[in-house]
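Heads up, final.txt below (compact mmCIF, C-alpha atoms):
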# COMPACT_ATOMS: atom_id res chain seq x y z
CA MET A 185 105.78 36.81 168.74
CA ASP A 186 103.21 35.75 166.17
CA ALA A 187 99.67 36.94 166.59
CA GLN A 188 96.50 34.94 166.23
CA ASN A 189 92.91 35.36 165.28
CA ALA A 190 90.85 35.38 168.45
CA THR A 191 87.37 35.40 169.82
CA HIS A 192 87.08 38.35 172.18
CA THR A 193 87.57 37.31 175.80
CA GLN A 194 86.30 39.02 178.92
CA ASN A 195 89.69 39.76 180.46
CA ASP A 196 90.57 43.11 182.01
CA TRP A 197 90.70 44.84 178.66
CA ILE A 198 90.65 48.60 178.20
CA THR A 199 88.74 49.71 175.09
CA ILE A 200 90.32 52.65 173.31
CA PRO A 201 88.36 54.64 170.70
CA VAL A 202 90.08 54.57 167.32
CA THR A 203 90.43 58.19 166.20
CA ALA A 204 92.61 60.18 163.84
CA ARG A 205 94.97 60.87 166.78
CA LEU A 206 96.04 57.22 166.73
CA LEU A 207 96.41 56.93 162.96
CA ARG A 208 99.38 57.89 160.79
CA GLY A 209 99.50 57.78 157.02
CA ALA A 210 95.79 58.55 156.50
CA LEU A 211 94.56 61.87 155.13
CA ASP A 212 90.99 61.38 156.34
CA VAL A 213 89.09 59.16 158.77
CA GLU A 214 85.44 58.42 158.02
CA GLN A 215 82.99 57.49 160.77
CA THR A 216 80.94 54.52 159.57
CA GLU A 217 78.03 52.60 161.08
CA ARG A 218 80.47 49.96 162.33
CA GLY A 219 83.58 51.94 163.19
CA VAL A 220 86.07 54.12 161.34
CA LEU A 221 87.48 53.81 157.83
CA PRO A 222 90.89 55.35 157.06
CA HIS A 223 91.15 57.09 153.69
CA ARG A 224 94.28 58.08 151.80
CA LEU A 225 92.50 60.89 149.97
CA PRO A 226 90.45 63.62 151.66
CA ALA A 227 86.66 63.74 151.28
CA ARG A 228 86.75 66.66 148.85
CA ALA A 229 89.05 64.74 146.51
CA ARG A 230 86.89 61.63 146.71
CA ALA A 231 83.82 63.67 145.84
CA GLN A 232 85.42 64.80 142.59
CA CYS A 233 85.83 61.34 141.07
CA ALA A 234 83.29 58.51 140.89
CA ASP A 235 85.78 55.92 139.59
CA PRO A 236 85.28 52.68 141.59
CA GLN A 237 88.91 51.72 140.99
CA LEU A 238 90.08 54.90 142.73
CA ALA A 239 87.55 54.41 145.54
CA MET A 240 88.86 50.92 146.19
CA ALA A 241 92.52 51.95 145.95
CA GLU A 242 92.41 54.98 148.23
CA SER A 243 90.48 53.04 150.91
CA GLN A 244 93.13 50.31 151.00
CA PRO A 245 95.40 51.56 153.80
CA SER A 246 98.85 51.21 152.27
CA GLY A 247 101.27 52.84 154.71
CA VAL A 248 98.54 53.52 157.29
CA ARG A 249 99.24 52.41 160.85
CA LEU A 250 97.81 52.64 164.33
CA VAL A 251 100.42 54.20 166.60
CA PHE A 252 100.25 54.58 170.39
CA ARG A 253 102.34 54.41 173.54
CA SER A 254 101.51 51.88 176.25
CA ARG A 255 102.80 49.34 178.75
CA ALA A 256 100.41 46.78 177.26
CA THR A 257 101.62 43.22 176.78
CA ALA A 258 98.48 42.19 174.86
CA VAL A 259 96.51 44.00 172.16
CA GLU A 260 93.27 43.09 170.43
CA LEU A 261 91.95 44.75 167.27
CA ASP A 262 88.49 44.20 165.78
CA THR A 263 88.39 44.93 162.05
CA VAL A 264 86.16 44.45 159.04
CA PRO A 265 88.45 43.74 156.09
CA THR A 266 87.13 43.66 152.55
CA LYS A 267 88.23 40.43 150.91
CA ARG A 268 88.39 40.48 147.11
CA HIS A 269 87.32 37.35 145.24
CA TYR A 270 87.89 37.13 141.49
CA VAL A 271 85.52 34.83 139.67
CA GLY A 272 87.35 31.82 138.27
CA ALA A 273 90.55 32.49 140.20
CA PRO A 274 91.89 30.85 143.36
CA PRO A 275 91.29 32.78 146.63
CA ARG A 276 93.59 35.73 147.22
CA PRO A 277 95.77 35.66 150.32
CA ASP A 278 94.38 37.54 153.31
CA GLY A 279 95.79 40.96 154.08
CA VAL A 280 98.57 41.08 156.66
CA TYR A 281 98.69 43.17 159.85
CA GLU A 282 102.16 43.79 161.31
CA LEU A 283 102.85 44.94 164.87
CA PHE A 284 106.08 46.66 165.95
CA THR A 285 107.26 47.74 169.40
CA ASP A 286 109.85 50.53 169.44
CA GLY A 287 110.52 49.78 165.79
CA ARG A 288 111.09 46.04 166.25
CA ALA A 289 108.83 43.42 164.67
CA ALA A 290 106.71 41.78 167.37
CA GLY A 291 103.91 39.99 165.52
CA ARG A 292 101.85 39.59 162.38
CA ALA A 293 98.32 38.35 161.74
CA THR A 294 95.47 38.11 159.27
CA ALA A 295 91.81 38.80 159.95
CA GLU A 296 89.03 36.32 159.35
CA GLY A 297 85.50 37.35 158.45
CA GLY A 298 84.78 40.72 156.94
CA ASP A 299 83.06 41.84 153.76
CA THR A 300 83.50 40.10 150.41
CA LEU A 301 83.84 41.94 147.11
CA THR A 302 83.23 39.51 144.24
CA VAL A 303 84.73 40.76 140.99
CA ASP A 304 83.98 39.28 137.58
CA MET A 305 86.72 40.72 135.41
CA THR A 306 85.30 39.27 132.20
CA ALA A 307 81.85 40.79 132.81
CA GLY A 308 83.20 43.97 134.42
CA THR A 309 80.97 43.61 137.49
CA ALA A 310 81.55 43.74 141.25
CA GLU A 311 79.22 42.81 144.11
CA LEU A 312 79.79 43.56 147.81
CA GLU A 313 78.44 41.28 150.55
CA GLN A 314 78.74 42.43 154.16
CA GLY A 315 80.17 40.11 156.78
CA ALA A 316 81.09 40.02 160.46
CA PRO A 317 84.15 41.63 162.09
CA GLY A 318 87.24 39.60 162.86
CA THR A 319 89.46 39.92 165.92
CA LEU A 320 93.26 39.93 165.97
CA ARG A 321 95.20 39.36 169.18
CA PHE A 322 98.87 40.11 169.75
CA ASP A 323 100.18 38.50 172.98
CA GLY A 324 103.51 38.42 174.78
CA LEU A 325 104.59 41.95 173.95
CA PRO A 326 107.52 43.39 175.91
CA GLY A 327 106.64 45.04 179.22
CA GLY A 328 107.31 48.68 180.04
CA ASP A 329 106.47 51.86 178.17
CA LYS A 330 106.93 51.49 174.44
CA ASP A 331 105.69 52.80 171.12
CA VAL A 332 103.37 50.32 169.40
CA GLU A 333 102.68 50.42 165.66
CA ILE A 334 100.13 48.22 163.89
CA TRP A 335 100.52 48.48 160.12
CA LEU A 336 97.24 47.80 158.35
CA PRO A 337 97.06 45.64 155.21
CA HIS A 338 98.29 47.59 152.22
CA ASN A 339 95.88 45.89 149.80
CA GLU A 340 92.72 45.29 151.82
CA THR A 341 90.14 47.98 152.71
CA THR A 342 89.95 47.87 156.51
CA GLU A 343 87.31 49.29 158.82
CA LEU A 344 88.56 49.59 162.40
CA ILE A 345 85.91 48.63 164.94
CA ALA A 346 87.62 48.46 168.34
CA LEU A 347 91.08 48.53 169.91
CA ARG A 348 91.63 46.86 173.28
CA THR A 349 94.72 46.59 175.45
CA ASP A 350 95.58 45.32 178.93
CA ALA A 351 97.10 48.69 179.94
CA PRO A 352 96.26 52.35 179.32
CA VAL A 353 97.14 53.93 175.98
CA GLU A 354 98.20 57.44 175.02
CA PRO A 355 99.12 58.91 171.64
CA ALA A 356 102.73 58.25 170.73
CA PRO A 357 105.02 61.27 170.81
CA ASP A 358 106.12 62.91 167.59
CA PRO A 359 109.15 60.88 166.47
CA GLY A 360 110.79 64.00 165.07
CA ARG A 361 111.43 62.37 161.70
CA ARG A 362 110.94 64.06 158.37
CA ILE A 363 107.66 63.28 156.60
CA TRP A 364 107.90 61.80 153.09
CA LEU A 365 104.78 62.15 150.92
CA HIS A 366 104.83 59.90 147.86
CA HIS A 367 102.34 59.43 145.01
CA GLY A 368 102.43 56.67 142.42
CA SER A 369 100.64 53.72 140.85
CA SER A 370 99.86 50.19 142.04
CA ILE A 371 103.60 49.57 142.16
CA SER A 372 103.92 52.27 144.83
CA HIS A 373 100.65 51.10 146.40
CA GLY A 374 102.29 47.72 147.00
CA SER A 375 101.02 45.46 144.19
CA ASP A 376 102.30 41.99 145.10
CA ALA A 377 104.34 42.85 148.19
CA ALA A 378 104.01 40.22 150.91
CA ALA A 379 103.21 42.58 153.81
CA PRO A 380 102.53 46.28 154.46
CA THR A 381 106.12 47.02 155.50
CA GLY A 382 107.33 45.10 152.43
CA THR A 383 106.13 47.64 149.84
CA TRP A 384 109.02 49.46 148.26
CA PRO A 385 108.03 52.89 149.70
CA ALA A 386 107.72 51.44 153.21
CA LEU A 387 111.11 49.77 152.90
CA ALA A 388 112.71 52.95 151.57
CA ALA A 389 111.13 55.02 154.36
CA SER A 390 112.48 52.65 156.99
CA LEU A 391 115.98 52.75 155.50
CA GLY A 392 115.78 56.53 155.11
CA GLY A 393 114.56 57.11 158.67
CA VAL A 394 111.44 59.05 157.63
CA GLU A 395 107.69 58.92 158.26
CA LEU A 396 105.80 57.72 155.18
CA ILE A 397 102.51 58.96 153.75
CA ASN A 398 101.88 56.68 150.79
CA LEU A 399 99.56 57.99 148.08
CA GLY A 400 100.36 55.08 145.80
CA LEU A 401 96.93 54.50 144.24
CA SER A 402 96.46 51.35 142.19
CA GLY A 403 95.46 52.23 138.63
CA SER A 404 95.08 55.87 139.62
CA ALA A 405 98.38 57.72 139.18
CA LEU A 406 96.78 59.79 136.43
CA LEU A 407 97.89 63.36 137.18
CA ASP A 408 94.49 64.05 138.73
CA PRO A 409 94.22 67.66 139.96
CA PHE A 410 92.49 66.54 143.17
CA THR A 411 95.49 64.36 144.04
CA ALA A 412 97.83 67.30 143.43
CA ARG A 413 95.67 69.43 145.75
CA ALA A 414 95.75 66.70 148.39
CA MET A 415 99.55 66.71 148.21
CA ARG A 416 99.60 70.52 148.31
CA ASP A 417 97.54 70.56 151.50
CA THR A 418 99.34 67.74 153.35
CA GLU A 419 102.18 68.52 155.74
CA ALA A 420 105.40 67.05 154.36
CA ASP A 421 109.14 67.67 154.27
CA LEU A 422 109.94 65.53 151.23
CA LEU A 423 107.78 64.83 148.19
CA SER A 424 107.92 62.50 145.23
CA VAL A 425 105.68 61.76 142.27
CA LYS A 426 106.07 58.59 140.18
CA ILE A 427 104.56 59.12 136.74
CA GLY A 428 104.11 56.91 133.72
CA ILE A 429 102.71 53.41 133.86
CA ASN A 430 99.03 54.19 134.57
CA ILE A 431 98.90 56.93 131.95
CA VAL A 432 100.20 54.51 129.33
CA ASN A 433 98.23 51.41 130.25
CA ALA A 434 95.00 53.44 130.55
CA ASP A 435 95.76 55.15 127.21
CA LEU A 436 94.65 58.26 129.07
CA MET A 437 96.06 61.15 127.06
CA ARG A 438 98.23 62.16 124.15
CA LEU A 439 101.58 63.94 124.19
CA ARG A 440 99.94 67.34 123.64
CA ALA A 441 97.99 67.03 126.92
CA PHE A 442 100.67 65.23 128.91
CA ALA A 443 103.33 67.93 129.35
CA PRO A 444 100.87 70.68 130.45
CA ALA A 445 99.26 68.19 132.85
CA VAL A 446 102.63 67.46 134.45
CA HIS A 447 103.39 71.16 134.75
CA GLY A 448 99.98 71.79 136.29
CA PHE A 449 100.40 68.95 138.79
CA LEU A 450 103.82 70.20 139.87
CA ASP A 451 102.59 73.82 140.04
CA THR A 452 99.80 72.78 142.42
CA VAL A 453 102.10 70.76 144.66
CA ARG A 454 104.51 73.69 144.78
CA GLU A 455 101.74 76.02 146.01
CA GLY A 456 101.86 74.20 149.34
CA HIS A 457 105.52 73.16 149.35
CA PRO A 458 107.45 75.87 147.52
CA THR A 459 110.96 74.83 148.60
CA ALA A 460 110.72 71.21 149.81
CA PRO A 461 112.72 68.63 147.84
CA LEU A 462 110.40 67.34 145.10
CA LEU A 463 111.50 64.25 143.19
CA VAL A 464 109.88 63.30 139.87
CA VAL A 465 110.32 59.58 139.19
CA SER A 466 109.58 57.88 135.88
CA SER A 467 108.37 54.32 135.47
CA ILE A 468 110.44 51.28 136.21
CA LEU A 469 111.19 49.03 133.26
CA CYS A 470 108.01 47.45 131.91
CA PRO A 471 108.89 45.65 128.66
CA VAL A 472 105.33 45.48 127.31
CA HIS A 473 104.98 49.28 127.34
CA GLU A 474 108.51 50.55 126.74
CA ASP A 475 107.78 51.35 123.10
CA THR A 476 104.21 50.12 122.65
CA PRO A 477 101.29 52.34 123.64
CA GLY A 478 98.30 51.20 125.66
CA PRO A 479 95.73 50.41 126.55
CA ALA A 480 96.84 47.37 128.52
CA ALA A 481 94.59 44.33 128.43
CA PRO A 482 94.50 41.33 130.77
CA ASP A 483 95.11 37.83 129.50
CA PHE A 484 92.80 35.48 131.43
CA SER A 485 94.06 32.22 129.96
CA GLY A 486 95.84 31.30 133.20
CA ILE A 487 93.25 32.62 135.67
CA ALA A 488 92.24 29.15 136.91
CA GLU A 489 95.82 28.73 138.13
CA GLY A 490 95.78 32.20 139.64
CA ARG A 491 97.80 33.75 136.81
CA ILE A 492 96.84 36.90 134.94
CA ARG A 493 99.21 38.59 132.55
CA PHE A 494 98.94 41.94 130.84
CA ARG A 495 99.75 42.91 127.28
CA ALA A 496 99.88 46.18 125.39
CA THR A 497 97.26 46.49 122.67
CA GLY A 498 98.49 49.66 120.97
CA ASP A 499 100.59 49.97 117.84
CA PRO A 500 104.13 51.43 118.11
CA ALA A 501 103.43 53.36 114.91
CA GLU A 502 100.80 55.36 116.81
CA ARG A 503 103.54 57.25 118.64
CA ALA A 504 103.70 59.54 115.60
CA ALA A 505 100.13 60.62 116.37
CA GLY A 506 101.02 61.44 119.98
CA LYS A 507 100.26 58.16 121.73
CA LEU A 508 102.38 57.70 124.83
CA THR A 509 104.85 54.98 125.74
CA LEU A 510 107.11 54.73 128.76
CA ASN A 511 110.14 55.87 126.80
CA VAL A 512 108.25 58.89 125.45
CA ILE A 513 107.14 59.79 128.98
CA ARG A 514 110.64 59.42 130.42
CA ASP A 515 112.02 61.79 127.80
CA GLU A 516 109.25 64.32 128.53
CA LEU A 517 109.70 64.14 132.31
CA ALA A 518 113.46 64.64 132.03
CA ARG A 519 112.88 67.62 129.74
CA ILE A 520 110.23 69.17 131.99
CA VAL A 521 112.36 68.88 135.11
CA ALA A 522 115.38 70.33 133.30
CA GLU A 523 113.29 73.29 132.07
CA ARG A 524 111.88 74.01 135.52
CA ALA A 525 115.10 73.46 137.47
CA PRO A 526 116.61 76.96 137.01
CA GLU A 527 113.63 78.46 138.88
CA ASP A 528 113.16 75.44 141.16
CA PRO A 529 116.54 74.24 142.44
CA ASN A 530 114.88 71.70 144.76
CA LEU A 531 113.22 69.82 141.89
CA TYR A 532 114.89 66.55 140.87
CA TYR A 533 114.41 63.74 138.36
CA LEU A 534 115.07 60.01 138.79
CA ASP A 535 114.81 57.54 135.92
CA GLY A 536 112.73 54.66 137.30
CA ARG A 537 114.96 52.14 135.53
CA MET A 538 117.55 52.93 138.20
CA LEU A 539 115.19 51.14 140.60
CA TYR A 540 114.39 48.26 138.25
CA GLY A 541 115.95 47.97 134.83
CA GLU A 542 116.97 45.49 132.17
CA ALA A 543 119.57 43.73 134.32
CA ASP A 544 117.01 43.29 137.10
CA ALA A 545 114.34 41.98 134.72
CA ALA A 546 116.64 39.18 133.64
CA GLY A 547 116.68 37.71 137.15
CA LEU A 548 113.43 39.10 138.57
CA PRO A 549 110.91 39.33 135.73
CA LEU A 550 107.57 41.00 136.45
CA PRO A 551 105.28 37.98 137.07
CA ASP A 552 102.25 39.44 135.30
CA GLY A 553 104.09 41.78 132.97
CA LEU A 554 103.29 44.90 135.03
CA HIS A 555 103.76 44.40 138.78
CA PRO A 556 106.84 43.54 140.85
CA ASP A 557 106.83 40.67 143.32
CA ALA A 558 107.99 40.79 146.96
CA ALA A 559 111.68 40.34 146.12
CA THR A 560 111.55 43.12 143.54
CA HIS A 561 109.83 45.45 146.02
CA ARG A 562 112.75 44.90 148.37
CA ARG A 563 115.29 45.63 145.65
CA MET A 564 113.43 48.79 144.62
CA GLY A 565 113.13 50.00 148.22
CA GLU A 566 116.84 49.51 148.83
CA ARG A 567 117.74 51.22 145.55
CA PHE A 568 115.46 54.19 146.24
CA ALA A 569 116.89 54.61 149.74
CA GLU A 570 120.41 54.64 148.33
CA LEU A 571 119.62 56.99 145.44
CA ALA A 572 117.28 59.43 147.19
CA PHE A 573 118.37 59.41 150.83
CA GLY A 574 122.04 58.66 150.43
CA GLY A 575 125.01 60.62 149.16
CA ASP A 576 123.89 63.66 147.19
CA GLY A 577 120.39 62.29 146.63
CA ALA A 578 117.34 64.56 146.53
CA PHE A 579 116.36 63.63 150.08
CA ALA A 580 119.82 63.54 151.66
CA LYS A 581 120.04 65.69 154.76
Would you mind giving the structure from this file in structure tokens?
Amino acid sequence: MDAQNATHTQNDWITIPVTARLLRGALDVEQTERGVLPHRLPARARAQCADPQLAMAESQPSGVRLVFRSRATAVELDTVPTKRHYVGAPPRPDGVYELFTDGRAAGRATAEGGDTLTVDMTAGTAELEQGAPGTLRFDGLPGGDKDVEIWLPHNETTELIALRTDAPVEPAPDPGRRIWLHHGSSISHGSDAAAPTGTWPALAASLGGVELINLGLSGSALLDPFTARAMRDTEADLLSVKIGINIVNADLMRLRAFAPAVHGFLDTVREGHPTAPLLVVSSILCPVHEDTPGPAAPDFSGIAEGRIRFRATGDPAERAAGKLTLNVIRDELARIVAERAPEDPNLYYLDGRMLYGEADAAGLPLPDGLHPDAATHRRMGERFAELAFGGDGAFAK
């Protein structure tokens, strides 16, 4: 049943404190003046980087969900979402909340109100204005004991203020599924997916029957040591790292620095997970950066119609001086994994073009030149599930 925005009513509601016990997919939960804010990086990692892009990305709860067991037939959730407004562009769609009961879709909603982050991409400025909480209500849920999951918006920072139900709540039991910890760029974060369970990692996790912790961080898959340490210290059975697109479009490093950085990242992850399957995934096809280095630059000519495209501003000839392209990175990743494999038999490599390649681009081109749309997320999720969880894939049981 669809949910609705609601003004809180004085029915026989039970208010349940939102704590880390009810949250899955978050690595930290910050107590704020208004409520709690889930984070996808721990406090120590956040303290080591002042980049506002990373701060925004890791606070957007991609893959994070409230999970509890209850006989409730109605649920209310007060939240403060952060709406992003880009100067000169049409309003962005509101973030989507999805509710499931015993794994079956039972409602979706958006939250009104909240804070507003106004971004002027041409001036490089951002201004935050605080707003009031919004209330979501999910009615008509099935009776009887059941596991309830509320997936938070993958692309909208969300403070959780209050959870109310019409029946008592207890933490949901451990589902006994393997935990998959994944790190990647905005494409793994969810980019232009239509809903939180529509990102390609969420789709792949559902098809693979695993619990997802998504460290897809928009603009921030940069081989940061603090992210490697966060992965090292997080309980997981399966791990994957998707490397390439952010390093190229940020023009972050040269070939001399890249290979040692990959080795160092993998070494750190292995300190905490010495024998778990670890899958290194290269970038999906991105025609603008296949053989042209970064940095990437936005083209604002279509912003009034809500269209932004990206282009590569580097020179292919600069590869000789060590500038990176996606093809250079793919070759390096394949070589690194092959070199490490004799001492690490649970290390695997997957060419990202197996998830989205030239044949896919012909029918499903990247709308802005970098990011997949909802249909492409579905295709990538299905492909990853088949390649990683099926047959003799890295994550096959």
Of the residues A:Glu395, A:Asp408, A:Asp528, A:Glu489, which is the one nearest to A:Leu436, using all atoms listed in the file? A:Asp408
Excluding A:Arg495 and its own-chain neighbours fewer than 2 positions away, which residues fall within 7 Å of it when counting all atoms listed in the file? Please give them as number ranges by chain. A: 472, 480-482, 493, 497
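Non-sequential neighbours of stretch 259-269 of chain A (distance at most 7 Å, separation of 6 or more positions within a chain, all atoms listed in the file) are Pro275, Arg276, Gly298, Asp299, Thr300, Leu301, Thr302, Val303, Ala316, Pro317, Gly318, Thr319, Leu320, Arg321, Phe322, Asp323, Glu340, Thr341, Thr342, Glu343, Leu344, Ile345, Ala346, Leu347, Arg348, Thr349 and Asp350 of chain A.
Neighbours of A:Ser243 closer than or equal to 7 Å, with all atoms listed in the file counted and sequence neighbours fewer than 6 positions away skipped, come out as Pro222, His223, Arg224 and Thr341 of chain A.
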Any idea what the distance is between atom CA of A:Gly506 and atom CA of A:Gly400? 26.6 Å
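Reported to one decimal place, the separation of atom CA of A:Arg438 from atom CA of A:Ala505 is 8.2 Å.
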Identify the residues around (116.7, 53.9, 140.4) within a radius of 8 Å, measuring from only C-alpha atoms in the coordinates stated by the file, and give them as a PyMOL selection string. chain A and resi 468+534-540+564+567-568+571
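Between atom CA of A:Thr257 and atom CA of A:Leu325 lies a distance of 4.3 Å.
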Within 12 Å of stretch 388-394 of chain A, counting only C-alpha atoms, which residues qualify if same-chain residues fewer than 5 places away don't, as JSON, numbers by chain? {"A": [247, 287, 288, 358, 359, 360, 361, 362, 363, 364, 365, 366, 372, 381, 382, 383, 420, 421, 422, 423, 539, 561, 562, 563, 564, 565, 566, 567, 568, 569, 570, 571, 572, 573, 574, 575, 577, 578, 579, 580, 581]}
Convert the current residue selection to file output with C-alpha atoms, as a JSON list (two decimals), in the coordinates of the input.
[["chain", "number", "residue", "atom", "x", "y", "z"],
["A", 247, "GLY", "CA", 101.27, 52.84, 154.71],
["A", 287, "GLY", "CA", 110.52, 49.78, 165.79],
["A", 288, "ARG", "CA", 111.09, 46.04, 166.25],
["A", 358, "ASP", "CA", 106.12, 62.91, 167.59],
["A", 359, "PRO", "CA", 109.15, 60.88, 166.47],
["A", 360, "GLY", "CA", 110.79, 64.00, 165.07],
["A", 361, "ARG", "CA", 111.43, 62.37, 161.70],
["A", 362, "ARG", "CA", 110.94, 64.06, 158.37],
["A", 363, "ILE", "CA", 107.66, 63.28, 156.60],
["A", 364, "TRP", "CA", 107.90, 61.80, 153.09],
["A", 365, "LEU", "CA", 104.78, 62.15, 150.92],
["A", 366, "HIS", "CA", 104.83, 59.90, 147.86],
["A", 372, "SER", "CA", 103.92, 52.27, 144.83],
["A", 381, "THR", "CA", 106.12, 47.02, 155.50],
["A", 382, "GLY", "CA", 107.33, 45.10, 152.43],
["A", 383, "THR", "CA", 106.13, 47.64, 149.84],
["A", 420, "ALA", "CA", 105.40, 67.05, 154.36],
["A", 421, "ASP", "CA", 109.14, 67.67, 154.27],
["A", 422, "LEU", "CA", 109.94, 65.53, 151.23],
["A", 423, "LEU", "CA", 107.78, 64.83, 148.19],
["A", 539, "LEU", "CA", 115.19, 51.14, 140.60],
["A", 561, "HIS", "CA", 109.83, 45.45, 146.02],
["A", 562, "ARG", "CA", 112.75, 44.90, 148.37],
["A", 563, "ARG", "CA", 115.29, 45.63, 145.65],
["A", 564, "MET", "CA", 113.43, 48.79, 144.62],
["A", 565, "GLY", "CA", 113.13, 50.00, 148.22],
["A", 566, "GLU", "CA", 116.84, 49.51, 148.83],
["A", 567, "ARG", "CA", 117.74, 51.22, 145.55],
["A", 568, "PHE", "CA", 115.46, 54.19, 146.24],
["A", 569, "ALA", "CA", 116.89, 54.61, 149.74],
["A", 570, "GLU", "CA", 120.41, 54.64, 148.33],
["A", 571, "LEU", "CA", 119.62, 56.99, 145.44],
["A", 572, "ALA", "CA", 117.28, 59.43, 147.19],
["A", 573, "PHE", "CA", 118.37, 59.41, 150.83],
["A", 574, "GLY", "CA", 122.04, 58.66, 150.43],
["A", 575, "GLY", "CA", 125.01, 60.62, 149.16],
["A", 577, "GLY", "CA", 120.39, 62.29, 146.63],
["A", 578, "ALA", "CA", 117.34, 64.56, 146.53],
["A", 579, "PHE", "CA", 116.36, 63.63, 150.08],
["A", 580, "ALA", "CA", 119.82, 63.54, 151.66],
["A", 581, "LYS", "CA", 120.04, 65.69, 154.76]]
Neighbour residues at most 6 Å from (106.0, 59.0, 137.0) (only C-alpha atoms) as a list in words: Val425, Lys426, Ile427, Gly428, Val465, Ser466 and Ser467 of chain A
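Using only C-alpha atoms, the nearest neighbour of A:Val213 within the list A:Phe494, A:Ala227, A:Ala273, A:Ala379 is A:Ala227.
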For stretch 245-268 of chain A of the block above, can you save C-alpha atoms as a PDB file, in the first residue's frame?
ATOM      1  CA  PRO A 245      22.108   6.953   3.432  1.00  0.00           C
ATOM      2  CA  SER A 246      22.448   4.767   0.358  1.00  0.00           C
ATOM      3  CA  GLY A 247      21.694   1.213   1.491  1.00  0.00           C
ATOM      4  CA  VAL A 248      20.794   2.304   5.031  1.00  0.00           C
ATOM      5  CA  ARG A 249      17.500   1.032   6.425  1.00  0.00           C
ATOM      6  CA  LEU A 250      15.505   0.955   9.622  1.00  0.00           C
ATOM      7  CA  VAL A 251      14.787  -2.672  10.496  1.00  0.00           C
ATOM      8  CA  PHE A 252      12.538  -3.969  13.280  1.00  0.00           C
ATOM      9  CA  ARG A 253      10.027  -6.674  14.131  1.00  0.00           C
ATOM     10  CA  SER A 254       6.460  -5.754  15.059  1.00  0.00           C
ATOM     11  CA  ARG A 255       2.760  -6.518  14.695  1.00  0.00           C
ATOM     12  CA  ALA A 256       2.202  -2.888  13.695  1.00  0.00           C
ATOM     13  CA  THR A 257      -0.218  -2.120  10.884  1.00  0.00           C
ATOM     14  CA  ALA A 258       0.712   1.575  10.804  1.00  0.00           C
ATOM     15  CA  VAL A 259       4.092   3.297  11.032  1.00  0.00           C
ATOM     16  CA  GLU A 260       5.002   6.968  11.195  1.00  0.00           C
ATOM     17  CA  LEU A 261       8.495   8.376  10.692  1.00  0.00           C
ATOM     18  CA  ASP A 262       9.525  11.985  11.316  1.00  0.00           C
ATOM     19  CA  THR A 263      12.585  12.984   9.290  1.00  0.00           C
ATOM     20  CA  VAL A 264      14.544  16.052   8.270  1.00  0.00           C
ATOM     21  CA  PRO A 265      15.724  15.466   4.710  1.00  0.00           C
ATOM     22  CA  THR A 266      18.216  17.778   3.052  1.00  0.00           C
ATOM     23  CA  LYS A 267      16.835  18.863  -0.295  1.00  0.00           C
ATOM     24  CA  ARG A 268      19.401  19.980  -2.862  1.00  0.00           C
TER      25      ARG A 268
END
